[in-house]
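S.K.: Contents of structure36.txt (compact mmCIF, C-alpha atoms and all ligand atoms):
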# COMPACT_ATOMS: atom_id res chain seq x y z
CA MET A 1 -52.70 66.09 -35.79
CA SER A 2 -55.13 64.40 -38.15
CA PHE A 3 -58.86 64.98 -37.81
CA VAL A 4 -60.19 62.12 -39.95
CA SER A 5 -63.50 60.93 -38.50
CA LYS A 6 -64.51 58.16 -40.92
CA LEU A 7 -64.38 56.75 -44.44
CA VAL A 8 -67.66 56.35 -46.32
CA CYS A 9 -68.15 54.36 -49.53
CA ALA A 10 -69.51 56.64 -52.26
CA LYS A 11 -71.48 53.71 -53.78
CA CYS A 12 -72.95 51.69 -50.90
CA ASP A 13 -72.52 54.08 -47.97
CA THR A 14 -70.65 51.52 -45.83
CA LYS A 15 -68.68 53.34 -43.14
CA TYR A 16 -65.17 52.45 -42.00
CA ARG A 17 -63.21 53.65 -39.00
CA PRO A 18 -59.90 55.36 -39.89
CA SER A 19 -58.03 52.69 -37.91
CA GLU A 20 -59.36 49.98 -40.24
CA ASN A 21 -56.97 51.37 -42.87
CA GLN A 22 -59.31 50.34 -45.66
CA ILE A 23 -58.15 51.19 -49.19
CA MET A 24 -61.04 49.88 -51.29
CA CYS A 25 -64.61 49.14 -50.26
CA ALA A 26 -64.82 45.60 -48.86
CA ARG A 27 -67.93 45.04 -50.98
CA ARG A 28 -65.77 45.37 -54.11
CA ASP A 29 -68.20 47.79 -55.68
CA PHE A 30 -65.51 50.28 -56.81
CA GLY A 31 -67.00 52.98 -54.63
CA ARG A 32 -64.47 55.60 -53.52
CA LEU A 33 -64.05 55.70 -49.76
CA ASP A 34 -64.64 59.37 -49.14
CA ILE A 35 -62.61 60.55 -46.17
CA GLU A 36 -64.49 62.70 -43.68
CA TYR A 37 -63.07 65.09 -41.11
CA ASP A 38 -64.24 66.39 -37.76
CA TYR A 39 -64.56 70.06 -38.67
CA ARG A 40 -65.88 71.12 -35.28
CA ARG A 41 -62.79 69.85 -33.51
CA LEU A 42 -60.51 71.13 -36.26
CA GLY A 43 -62.15 74.58 -36.22
CA ARG A 44 -61.39 74.86 -32.51
CA PHE A 45 -57.81 73.73 -33.07
CA VAL A 46 -56.75 76.03 -35.96
CA ARG A 47 -57.85 79.48 -36.95
CA ARG A 48 -58.05 80.46 -40.59
CA ALA A 49 -55.20 82.95 -40.30
CA ASP A 50 -52.89 80.26 -38.86
CA PHE A 51 -53.80 77.48 -41.28
CA GLY A 52 -50.54 76.15 -42.67
CA LYS A 53 -48.60 79.17 -41.54
CA GLY A 54 -44.81 79.17 -41.45
CA GLN A 55 -44.19 76.03 -43.52
CA ASN A 56 -43.92 75.10 -47.18
CA GLY A 57 -45.55 72.63 -49.52
CA ILE A 58 -48.54 70.40 -48.93
CA TRP A 59 -47.58 69.10 -45.49
CA ARG A 60 -48.32 72.43 -43.88
CA PHE A 61 -51.95 71.39 -44.34
CA SER A 62 -51.49 68.05 -42.60
CA ASN A 63 -54.46 68.73 -40.30
CA LEU A 64 -56.62 68.09 -43.35
CA LEU A 65 -54.59 65.19 -44.75
CA PRO A 66 -55.22 61.53 -43.87
CA VAL A 67 -51.65 60.63 -42.89
CA LYS A 68 -49.71 61.06 -39.66
CA GLU A 69 -47.19 63.77 -40.41
CA ARG A 70 -44.20 61.79 -39.16
CA PHE A 71 -44.67 59.39 -42.08
CA ALA A 72 -44.68 62.18 -44.69
CA VAL A 73 -42.52 61.44 -47.73
CA SER A 74 -41.71 64.70 -49.46
CA LEU A 75 -39.79 65.86 -52.51
CA GLY A 76 -40.95 69.46 -52.10
CA GLU A 77 -44.36 69.09 -53.78
CA GLY A 78 -46.93 71.89 -53.76
CA GLY A 79 -46.43 75.51 -52.80
CA THR A 80 -46.54 76.41 -56.51
CA ARG A 81 -46.79 79.98 -57.76
CA LEU A 82 -50.03 81.70 -58.72
CA LEU A 83 -49.04 83.84 -61.68
CA LYS A 84 -51.01 86.82 -62.91
CA ALA A 85 -51.20 86.17 -66.66
CA ARG A 86 -51.07 89.70 -68.07
CA ARG A 87 -50.20 89.06 -71.72
CA LEU A 88 -52.37 85.97 -72.05
CA ALA A 89 -55.20 87.92 -70.37
CA ASP A 90 -55.01 90.51 -73.18
CA ARG A 91 -55.03 87.79 -75.83
CA ILE A 92 -58.11 86.01 -74.53
CA GLY A 93 -59.90 89.09 -73.23
CA LEU A 94 -60.17 88.36 -69.51
CA SER A 95 -58.13 90.77 -67.41
CA LYS A 96 -58.32 88.72 -64.20
CA THR A 97 -56.66 85.57 -65.53
CA TYR A 98 -54.29 83.64 -63.26
CA LEU A 99 -52.18 80.53 -63.77
CA LYS A 100 -51.58 78.01 -61.00
CA ASP A 101 -48.24 76.68 -62.22
CA GLU A 102 -48.26 73.00 -61.34
CA THR A 103 -45.46 72.28 -63.83
CA ARG A 104 -43.11 73.25 -60.99
CA ASN A 105 -43.75 70.13 -58.94
CA PRO A 106 -40.84 67.70 -58.38
CA THR A 107 -41.65 65.35 -61.28
CA GLY A 108 -43.29 68.02 -63.43
CA SER A 109 -46.99 67.52 -62.76
CA PHE A 110 -49.62 68.11 -60.07
CA LYS A 111 -49.76 64.32 -59.59
CA ASP A 112 -46.95 64.78 -57.07
CA ARG A 113 -49.43 66.19 -54.58
CA ALA A 114 -51.49 63.02 -54.86
CA MET A 115 -48.63 60.53 -54.91
CA ALA A 116 -46.87 62.19 -51.96
CA VAL A 117 -49.95 61.47 -49.85
CA GLY A 118 -50.53 58.00 -51.33
CA VAL A 119 -46.93 56.91 -50.72
CA SER A 120 -46.81 58.45 -47.26
CA LYS A 121 -49.89 56.40 -46.37
CA ALA A 122 -48.16 53.28 -47.75
CA VAL A 123 -45.23 53.98 -45.42
CA GLU A 124 -47.60 54.50 -42.48
CA LEU A 125 -49.23 51.15 -43.29
CA GLY A 126 -45.86 49.39 -43.53
CA VAL A 127 -46.38 48.45 -47.18
CA LYS A 128 -43.34 47.34 -49.23
CA THR A 129 -44.68 47.21 -52.80
CA VAL A 130 -46.94 49.62 -54.66
CA VAL A 131 -48.63 49.27 -58.04
CA THR A 132 -50.27 51.67 -60.45
CA ALA A 133 -52.11 51.97 -63.76
CA SER A 134 -51.46 55.16 -65.66
CA SER A 135 -51.09 57.00 -68.91
CA GLY A 136 -47.78 58.31 -67.61
CA ASN A 137 -47.59 61.18 -65.14
CA ALA A 138 -49.14 59.45 -62.14
CA ALA A 139 -46.84 56.47 -62.62
CA ALA A 140 -43.75 58.66 -63.05
CA SER A 141 -44.65 60.45 -59.85
CA LEU A 142 -45.38 57.26 -57.92
CA ALA A 143 -42.01 55.90 -59.06
CA ALA A 144 -40.17 58.96 -57.74
CA TYR A 145 -41.88 58.92 -54.34
CA SER A 146 -41.40 55.15 -54.08
CA ALA A 147 -37.70 55.66 -54.75
CA LYS A 148 -37.53 58.27 -52.00
CA ALA A 149 -39.36 55.95 -49.57
CA GLY A 150 -37.48 52.79 -50.61
CA LEU A 151 -40.58 50.96 -51.86
CA SER A 152 -40.80 48.66 -54.87
CA CYS A 153 -42.97 50.10 -57.62
CA TYR A 154 -44.75 48.32 -60.48
CA ALA A 155 -46.35 50.39 -63.21
CA PHE A 156 -48.77 49.22 -65.89
CA VAL A 157 -48.70 51.90 -68.58
CA LEU A 158 -50.21 52.27 -72.04
CA GLU A 159 -47.84 51.57 -74.93
CA SER A 160 -48.52 55.12 -76.10
CA ALA A 161 -46.89 56.72 -73.01
CA SER A 162 -44.24 59.25 -74.06
CA ALA A 163 -40.52 58.48 -73.96
CA GLY A 164 -40.00 61.19 -71.32
CA LYS A 165 -42.45 59.59 -68.92
CA ILE A 166 -41.07 56.08 -69.50
CA ALA A 167 -37.56 57.40 -68.86
CA GLN A 168 -38.67 58.89 -65.55
CA LEU A 169 -40.27 55.60 -64.55
CA THR A 170 -37.36 53.34 -65.33
CA LEU A 171 -34.70 55.65 -63.94
CA HIS A 172 -36.60 55.93 -60.67
CA GLY A 173 -36.35 52.16 -60.52
CA ALA A 174 -39.92 51.15 -61.27
CA THR A 175 -40.74 47.95 -63.11
CA VAL A 176 -42.61 49.08 -66.22
CA ILE A 177 -45.11 46.82 -67.91
CA LYS A 178 -46.45 48.21 -71.17
CA VAL A 179 -50.00 47.24 -72.00
CA ARG A 180 -51.74 47.50 -75.39
CA GLY A 181 -54.05 50.43 -76.02
CA ILE A 182 -57.57 51.20 -74.89
CA GLU A 183 -60.26 49.14 -76.58
CA LYS A 184 -64.04 49.24 -76.28
CA GLY A 185 -63.89 51.88 -73.59
CA GLU A 186 -61.80 49.77 -71.23
CA ASP A 187 -58.39 50.68 -69.94
CA PRO A 188 -56.39 47.42 -69.77
CA THR A 189 -53.85 48.93 -67.35
CA VAL A 190 -56.55 49.12 -64.66
CA HIS A 191 -57.41 45.44 -65.04
CA ALA A 192 -53.76 44.47 -64.88
CA MET A 193 -53.30 46.54 -61.72
CA LEU A 194 -56.34 45.03 -60.00
CA ARG A 195 -55.12 41.53 -60.82
CA ALA A 196 -51.77 42.36 -59.20
CA VAL A 197 -53.51 43.72 -56.12
CA GLU A 198 -55.51 40.52 -55.78
CA THR A 199 -52.81 38.00 -56.53
CA GLN A 200 -49.79 39.74 -54.98
CA GLY A 201 -51.38 41.81 -52.23
CA TRP A 202 -49.64 44.97 -53.45
CA TYR A 203 -50.81 48.44 -52.40
CA PRO A 204 -52.75 50.11 -55.25
CA CYS A 205 -51.81 53.73 -55.82
CA PRO A 206 -53.18 54.98 -59.14
CA SER A 207 -54.67 58.46 -59.31
CA PHE A 208 -58.23 57.09 -59.22
CA GLY A 209 -60.27 57.47 -56.03
CA PRO A 210 -61.99 54.06 -56.09
CA PHE A 211 -58.63 52.28 -55.83
CA ASN A 212 -56.93 54.59 -53.36
CA PRO A 213 -58.81 57.29 -51.45
CA TYR A 214 -55.77 58.69 -49.65
CA GLN A 215 -54.05 60.11 -52.73
CA VAL A 216 -57.26 61.99 -53.68
CA GLU A 217 -56.62 64.22 -50.69
CA GLY A 218 -53.32 65.57 -52.05
CA PRO A 219 -54.82 67.79 -54.77
CA LYS A 220 -57.11 69.39 -52.13
CA THR A 221 -54.12 71.50 -51.22
CA ILE A 222 -54.39 73.31 -54.58
CA ALA A 223 -57.70 74.77 -53.38
CA TYR A 224 -56.20 75.85 -50.06
CA GLU A 225 -53.21 77.47 -51.77
CA ILE A 226 -55.29 79.37 -54.33
CA VAL A 227 -57.53 81.06 -51.75
CA GLN A 228 -54.58 81.86 -49.52
CA GLN A 229 -52.66 83.30 -52.48
CA MET A 230 -55.68 85.48 -53.30
CA ASP A 231 -55.93 86.68 -49.70
CA TRP A 232 -59.00 84.55 -49.01
CA LYS A 233 -60.88 86.02 -51.96
CA VAL A 234 -62.39 83.16 -53.91
CA PRO A 235 -61.87 83.37 -57.69
CA ASP A 236 -65.06 83.20 -59.77
CA TRP A 237 -63.77 80.24 -61.80
CA VAL A 238 -61.20 77.48 -61.57
CA ILE A 239 -60.49 75.80 -64.91
CA VAL A 240 -59.49 72.15 -64.56
CA PRO A 241 -57.96 69.78 -67.16
CA THR A 242 -59.90 66.56 -66.65
CA GLY A 243 -59.32 62.89 -67.44
CA SER A 244 -60.31 60.47 -64.68
CA ALA A 245 -61.63 63.48 -62.72
CA CYS A 246 -59.63 62.70 -59.59
CA LEU A 247 -58.07 66.17 -59.72
CA LEU A 248 -61.50 67.80 -59.95
CA THR A 249 -62.74 65.59 -57.12
CA GLY A 250 -59.80 66.51 -54.92
CA LEU A 251 -60.23 70.19 -55.66
CA TRP A 252 -63.92 69.99 -54.74
CA LYS A 253 -63.07 68.22 -51.49
CA GLY A 254 -60.68 71.05 -50.66
CA VAL A 255 -63.33 73.67 -51.44
CA ARG A 256 -65.84 71.82 -49.27
CA ASP A 257 -63.37 71.66 -46.38
CA LEU A 258 -63.06 75.46 -46.52
CA LEU A 259 -66.84 75.91 -46.73
CA GLU A 260 -67.43 73.50 -43.82
CA LEU A 261 -64.90 75.39 -41.73
CA ASN A 262 -66.66 78.61 -42.66
CA TRP A 263 -63.38 79.98 -43.96
CA ILE A 264 -64.95 80.86 -47.33
CA GLN A 265 -68.60 81.61 -48.05
CA GLU A 266 -68.96 80.65 -51.72
CA PRO A 267 -67.29 78.00 -53.85
CA PRO A 268 -65.52 78.98 -57.06
CA LYS A 269 -67.33 77.74 -60.16
CA LEU A 270 -65.46 74.66 -61.31
CA ALA A 271 -64.99 74.09 -65.04
CA PRO A 272 -63.62 70.75 -66.24
CA VAL A 273 -62.04 70.73 -69.70
CA GLN A 274 -61.73 67.53 -71.73
CA PRO A 275 -60.39 66.91 -75.24
CA GLU A 276 -63.12 66.47 -77.86
CA GLY A 277 -61.77 63.01 -78.70
CA ASN A 278 -62.37 61.86 -75.11
CA SER A 279 -65.03 63.78 -73.28
CA PRO A 280 -67.40 61.38 -71.51
CA LEU A 281 -67.75 63.67 -68.48
CA ILE A 282 -68.54 66.77 -70.55
CA LYS A 283 -71.14 64.82 -72.54
CA ALA A 284 -72.80 63.67 -69.30
CA LEU A 285 -72.84 67.26 -68.05
CA LYS A 286 -74.32 68.66 -71.26
CA LYS A 287 -77.01 65.97 -71.32
CA ASN A 288 -77.58 66.35 -67.59
CA LEU A 289 -77.12 62.60 -67.06
CA PRO A 290 -76.64 60.97 -63.66
CA PHE A 291 -73.24 59.30 -63.21
CA GLU A 292 -74.72 55.81 -63.63
CA GLU A 293 -75.68 56.65 -67.21
CA LEU A 294 -72.31 58.08 -68.18
CA LYS A 295 -70.83 56.19 -71.15
CA PRO A 296 -67.10 55.48 -71.36
CA GLU A 297 -65.41 56.65 -74.56
CA ARG A 298 -64.87 53.56 -76.71
CA SER A 299 -61.65 54.69 -78.33
CA PRO A 300 -60.19 57.93 -76.96
CA LYS A 301 -58.31 59.96 -79.54
CA THR A 302 -56.33 62.98 -78.40
CA ILE A 303 -52.82 64.37 -78.18
CA ALA A 304 -53.51 65.11 -74.50
CA GLN A 305 -52.10 61.86 -73.10
CA GLY A 306 -52.90 62.69 -69.50
CA LEU A 307 -56.56 63.10 -70.41
CA SER A 308 -57.05 59.82 -72.23
CA ASP A 309 -58.84 57.84 -69.51
CA PRO A 310 -61.90 56.41 -71.28
CA TYR A 311 -63.84 56.29 -68.01
CA PRO A 312 -63.81 59.01 -65.35
CA TRP A 313 -63.47 56.85 -62.25
CA ASP A 314 -64.23 59.84 -60.04
CA GLY A 315 -66.97 61.19 -62.30
CA ASP A 316 -69.61 60.90 -59.56
CA ALA A 317 -67.94 63.50 -57.38
CA ALA A 318 -66.92 65.53 -60.43
CA LEU A 319 -70.51 65.87 -61.66
CA GLU A 320 -71.52 66.95 -58.18
CA ALA A 321 -68.65 69.45 -58.06
CA VAL A 322 -69.65 71.13 -61.31
CA ARG A 323 -73.37 71.13 -60.55
CA LYS A 324 -73.13 72.34 -56.95
CA SER A 325 -70.56 75.01 -57.76
CA MET A 326 -72.68 76.24 -60.72
CA GLY A 327 -69.74 75.54 -63.02
CA GLU A 328 -69.65 74.52 -66.68
CA GLY A 329 -67.93 71.79 -68.65
CA VAL A 330 -66.28 72.32 -72.01
CA SER A 331 -64.44 70.22 -74.58
CA VAL A 332 -61.71 71.42 -76.93
CA GLY A 333 -60.13 70.05 -80.12
CA ASP A 334 -56.50 68.96 -80.52
CA GLY A 335 -55.83 72.01 -82.73
CA GLU A 336 -57.05 74.31 -79.96
CA ILE A 337 -54.85 72.45 -77.47
CA VAL A 338 -51.73 72.97 -79.59
CA THR A 339 -52.58 76.67 -79.86
CA ALA A 340 -53.00 76.82 -76.08
CA VAL A 341 -49.55 75.27 -75.52
CA LYS A 342 -48.03 77.92 -77.80
CA GLU A 343 -49.96 80.84 -76.29
CA LEU A 344 -48.85 79.87 -72.79
CA ALA A 345 -45.25 79.42 -73.83
CA ARG A 346 -44.98 82.61 -75.91
CA ASN A 347 -46.95 84.98 -73.74
CA GLU A 348 -46.30 83.78 -70.22
CA GLY A 349 -43.06 81.81 -70.30
CA VAL A 350 -44.85 78.74 -68.99
CA PHE A 351 -44.05 75.52 -70.84
CA ALA A 352 -46.87 72.99 -70.54
CA GLU A 353 -47.59 69.61 -72.06
CA PRO A 354 -50.85 69.38 -74.07
CA SER A 355 -52.83 68.01 -71.08
CA GLY A 356 -51.40 70.78 -68.94
CA ALA A 357 -52.48 73.55 -71.29
CA VAL A 358 -56.08 72.55 -72.09
CA GLY A 359 -57.34 74.94 -69.43
CA VAL A 360 -56.28 77.88 -71.60
CA ALA A 361 -58.24 76.47 -74.55
CA GLY A 362 -61.19 75.77 -72.27
CA LEU A 363 -61.31 79.27 -70.82
CA THR A 364 -61.04 80.78 -74.31
CA LYS A 365 -64.06 78.75 -75.38
CA LEU A 366 -66.08 79.52 -72.24
CA LEU A 367 -65.47 83.22 -72.89
CA SER A 368 -66.47 83.02 -76.54
CA GLU A 369 -69.64 81.17 -75.58
CA GLY A 370 -70.46 83.86 -73.03
CA LEU A 371 -70.42 81.39 -70.14
CA VAL A 372 -67.61 83.26 -68.38
CA ASP A 373 -68.23 86.98 -67.99
CA ARG A 374 -65.42 89.35 -68.94
CA ASN A 375 -65.48 90.96 -65.49
CA GLU A 376 -64.99 87.68 -63.68
CA SER A 377 -61.73 86.18 -62.42
CA ALA A 378 -60.40 82.77 -63.44
CA VAL A 379 -57.57 80.55 -62.26
CA ILE A 380 -56.31 78.10 -64.88
CA LEU A 381 -54.61 75.01 -63.51
CA VAL A 382 -51.54 74.34 -65.66
CA THR A 383 -51.09 70.73 -64.66
CA GLY A 384 -48.00 69.30 -66.37
CA SER A 385 -44.65 70.35 -67.82
CA GLY A 386 -43.95 70.63 -71.54
CA LEU A 387 -40.72 68.73 -71.12
CA LYS A 388 -42.80 65.61 -70.53
CA ASP A 389 -43.94 65.33 -74.12
CA VAL A 390 -42.54 67.46 -76.92
CA SER A 391 -43.49 65.12 -79.75
CA THR A 392 -46.94 66.61 -80.30
CA THR A 393 -46.22 70.29 -79.98
CA VAL A 394 -42.86 70.98 -81.61
CA PRO A 395 -43.54 73.01 -84.78
CA ARG A 396 -42.13 70.54 -87.30
CA GLU A 397 -44.71 67.95 -86.29
CA ARG A 398 -48.03 68.96 -87.78
CA VAL A 399 -51.24 68.23 -85.97
CA GLU A 400 -54.37 68.04 -88.16
C1 LIG A 501 -53.59 63.31 -64.77
C2 LIG A 501 -53.49 64.60 -65.42
C3 LIG A 501 -54.61 65.43 -65.58
C4 LIG A 501 -56.02 65.01 -65.26
O1 LIG A 501 -56.24 64.60 -63.95
P1 LIG A 501 -57.41 63.58 -63.65
O2 LIG A 501 -57.37 63.40 -62.20
O3 LIG A 501 -57.12 62.31 -64.42
O4 LIG A 501 -58.69 64.18 -64.14
C5 LIG A 501 -54.42 66.69 -66.13
N1 LIG A 501 -53.21 67.11 -66.51
C6 LIG A 501 -52.11 66.34 -66.38
C7 LIG A 501 -50.82 66.89 -66.83
C8 LIG A 501 -52.21 65.07 -65.83
O5 LIG A 501 -51.12 64.31 -65.71
ZN ZN A 502 -69.07 50.14 -51.15
Could you write out this file's structure as structure tokens?

M.R.:
Amino acid sequence: MSFVSKLVCAKCDTKYRPSENQIMCARRDFGRLDIEYDYRRLGRFVRRADFGKGQNGIWRFSNLLPVKERFAVSLGEGGTRLLKARRLADRIGLSKTYLKDETRNPTGSFKDRAMAVGVSKAVELGVKTVVTASSGNAAASLAAYSAKAGLSCYAFVLESASAGKIAQLTLHGATVIKVRGIEKGEDPTVHAMLRAVETQGWYPCPSFGPFNPYQVEGPKTIAYEIVQQMDWKVPDWVIVPTGSACLLTGLWKGVRDLLELNWIQEPPKLAPVQPEGNSPLIKALKKNLPFEELKPERSPKTIAQGLSDPYPWDGDAALEAVRKSMGEGVSVGDGEIVTAVKELARNEGVFAEPSGAVGVAGLTKLLSEGLVDRNESAVILVTGSGLKDVSTTVPRERVE
């Protein structure tokens, strides 16, 4: 049973009934339609100890997902391991270090949690064609779920997307349209996608909240899994690789669900990590700017492809998440990211792509700056598989 009560535009506060099936705000203001739940009713219906019991993956949490369960399209997403990182913990000097291994999702990144929900909603709505804008992983994931559901998929991707991601896209049957790179802080793939939505009536399913609020709900399940895996003890920190900030937003929504239900008492401190060559959100945090004054990065430069969005579309919620959870933002250089990939691979047997490993670099920096205490616990989200993009991290290719 779903307990969605309403959708509320994050920009203009317009409210929509769930049955209106709205995807974007009708005022075209690019406000994310935040999905709200009836926690009172839900709290009477499920007890904490029974939440998601006896099933696997994200759909065991369908009470807090915005799709009727009979429409669920699944490839086995979610239910990833929480690994105690013993050797890495010694190296960085934080004994309670954990890895949430999202490389183990069906297409190799956490985006599967989001796209599973986004595509399931498309099926519920009777949609036939979906479209996305992406630096790679979200599109590859959307293509796989579209294949499973029998939907047509169009993907506008940056020309810089790695060969591995393009191969996934085309083999899953998506139509790939490569678009020239980011200029003057604008991502041309987003414009191309919006034009297709307007002219063709296709269902938008990028991993940005303002263009599809349903998929944002998928990554919430990471928060539920972490606290369950820690026996309902909340870690002090969760370290989050951040590009468009949809992952951080989803995670925060999941934390808030648990707080509203009174199933946890304190949020974990959330720490977004961005590459130095593209860190608009971290800059806004450090300068204590409101979201409206956040400046897009004019020309992002980083080996972390998945973190190259020049504008954090979900930055409003992300800033709130960091501030309300008493978290901290941090940016790391490409050299530190390469080191993080190697440390993870050599010490923990986890093979991550650069975007997937930035959390290790971020935690290392937070520790050295004294922002994370050595007695605290931290969960690093390892968001994407190293097999996605070997060009930047194989030893013979020098970075810097
Ligand atoms: C998309 C992506 C991220 C960042 O998620 P956002 O929602 O864009 O902040 C991090 N890691 C990987 C591997 C990704 O594909
Ligand atoms: Zn609005």

S.K.: Around ligand ZN 502 (chain A), out to 9 Å and counting only C-alpha atoms and all ligand atoms, which residues are there? I want them as a list in words.

M.R.: Val8, Cys9, Ala10, Lys11, Cys12, Asp13, Thr14, Lys15, Met24, Cys25, Ala26, Arg27, Arg28, Asp29, Phe30, Gly31, Arg32 and Leu33 of chain A

S.K.: Show me which residues line ligand LIG 501 (chain A), defined as having an atom within 6 Å of a ligand atom where only C-alpha atoms and all ligand atoms count, and present them as a CSV table (one decimal) with C-alpha atoms, in the frame of the given file.

M.R.:
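Once everything was written out, this is result_0.csv:
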chain,number,residue,atom,x,y,z
A,109,SER,CA,-47.0,67.5,-62.8
A,137,ASN,CA,-47.6,61.2,-65.1
A,241,PRO,CA,-58.0,69.8,-67.2
A,242,THR,CA,-59.9,66.6,-66.6
A,243,GLY,CA,-59.3,62.9,-67.4
A,244,SER,CA,-60.3,60.5,-64.7
A,245,ALA,CA,-61.6,63.5,-62.7
A,246,CYS,CA,-59.6,62.7,-59.6
A,247,LEU,CA,-58.1,66.2,-59.7
A,306,GLY,CA,-52.9,62.7,-69.5
A,307,LEU,CA,-56.6,63.1,-70.4
A,355,SER,CA,-52.8,68.0,-71.1
A,356,GLY,CA,-51.4,70.8,-68.9
A,383,THR,CA,-51.1,70.7,-64.7
A,384,GLY,CA,-48.0,69.3,-66.4

S.K.: Report, in Å with one decimal, the straight-line distance from atom CA of Arg40 of chain A to atom CA of Gln229 of chain A.

M.R.: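 That distance, rounded to one decimal, is 24.9 Å.
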
S.K.: When distances are computed from all atoms listed in the file, which of A:Gly79, A:Pro235, A:Gly250, A:Gly201 shows the smallest separation from Pro213 of chain A?

M.R.: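 That would be A:Gly250, the residue with the smallest distance to Pro213 of chain A.
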
S.K.: So, counting all atoms listed in the file, which residue among A:Pro210, A:Pro219, A:Gly315, A:Gly54 is closest to Gly78 of chain A?

M.R.: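 Counting all atoms listed in the file, the residue closest to Gly78 of chain A is A:Pro219.
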
S.K.: Report, in Å with one decimal, the straight-line distance from atom CA of Ala167 of chain A to atom CA of Ser391 of chain A.

M.R.: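 Between these atoms lies a distance of 14.6 Å.
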
S.K.: Write out as a ChimeraX atom specification each polymer residue whose atoms come within 7 Å of Trp263 of chain A, counting only C-alpha atoms; drop sequence neighbours fewer than 3 positions from it.

M.R.: /A:48,258-259

S.K.: Between atom CA of Arg86 of chain A and atom CA of Glu276 of chain A, measure the distance and give it in Å to one decimal.

M.R.: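 Computed distance, atom CA of Arg86 of chain A to atom CA of Glu276 of chain A, equals 27.9 Å.
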
S.K.: Hey, which bits of segment 20-92 of chain A sit within 9 Å of segment 141-163 of chain A, and for each residue what's the closest pair of atoms and how far apart in Å (one decimal), counting only C-alpha atoms, rows by chain and increasing number, as CSV?

M.R.:
residue,atom,partner,partner_atom,distance
A:Val73,CA,A:Ala149,CA,6.6
A:Ser74,CA,A:Tyr145,CA,7.6
A:Leu75,CA,A:Tyr145,CA,7.5

S.K.: Tell me which of A:Tyr16, A:Phe211, A:Phe351, A:Phe291 sits closest to Asp101 of chain A, counting only C-alpha atoms.

M.R.: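 Residue with the minimum atom-to-atom distance to Asp101 of chain A: A:Phe351.
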
S.K.: List the spatial neighbours of Phe51 of chain A as a VMD selection string - criterion: any atom at most 8 Å away, only C-alpha atoms, same-chain residues fewer than 4 positions off excluded.

M.R.: chain A and resid 46 to 47 60 to 61

S.K.: Using all atoms listed in the file, find the one residue out of A:Leu82, A:Ala223, A:Val117, A:Leu88 that sits nearest to Lys68 of chain A.

M.R.: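 Closest to Lys68 of chain A of all the choices is A:Val117.
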
S.K.: Can you give me N, CA, C and O atoms for segment 136-144 of chain A, written as a short mmCIF file (atom, residue, chain, number, x, y, z; two decimals), in the coordinates of the input?

M.R.:
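Written output follows (out.cif):
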data_model
loop_
_atom_site.label_atom_id
_atom_site.label_comp_id
_atom_site.auth_asym_id
_atom_site.auth_seq_id
_atom_site.Cartn_x
_atom_site.Cartn_y
_atom_site.Cartn_z
N GLY A 136 -49.14 57.79 -67.67
CA GLY A 136 -47.78 58.31 -67.61
C GLY A 136 -47.42 59.10 -66.37
O GLY A 136 -46.60 58.67 -65.57
N ASN A 137 -48.04 60.28 -66.21
CA ASN A 137 -47.59 61.18 -65.14
C ASN A 137 -47.77 60.62 -63.73
O ASN A 137 -46.90 60.79 -62.88
N ALA A 138 -48.90 59.97 -63.48
CA ALA A 138 -49.14 59.45 -62.14
C ALA A 138 -48.11 58.37 -61.83
O ALA A 138 -47.59 58.29 -60.71
N ALA A 139 -47.81 57.54 -62.82
CA ALA A 139 -46.84 56.47 -62.62
C ALA A 139 -45.44 57.05 -62.40
O ALA A 139 -44.71 56.61 -61.50
N ALA A 140 -45.07 58.04 -63.20
CA ALA A 140 -43.75 58.66 -63.05
C ALA A 140 -43.61 59.24 -61.65
O ALA A 140 -42.57 59.12 -60.99
N SER A 141 -44.67 59.85 -61.18
CA SER A 141 -44.65 60.45 -59.85
C SER A 141 -44.58 59.37 -58.77
O SER A 141 -43.77 59.46 -57.84
N LEU A 142 -45.41 58.34 -58.91
CA LEU A 142 -45.38 57.26 -57.92
C LEU A 142 -43.98 56.64 -57.85
O LEU A 142 -43.48 56.34 -56.76
N ALA A 143 -43.35 56.49 -59.02
CA ALA A 143 -42.01 55.90 -59.06
C ALA A 143 -41.02 56.76 -58.28
O ALA A 143 -40.18 56.25 -57.52
N ALA A 144 -41.11 58.07 -58.44
CA ALA A 144 -40.17 58.96 -57.74
C ALA A 144 -40.37 58.90 -56.23
O ALA A 144 -39.40 58.79 -55.46
#
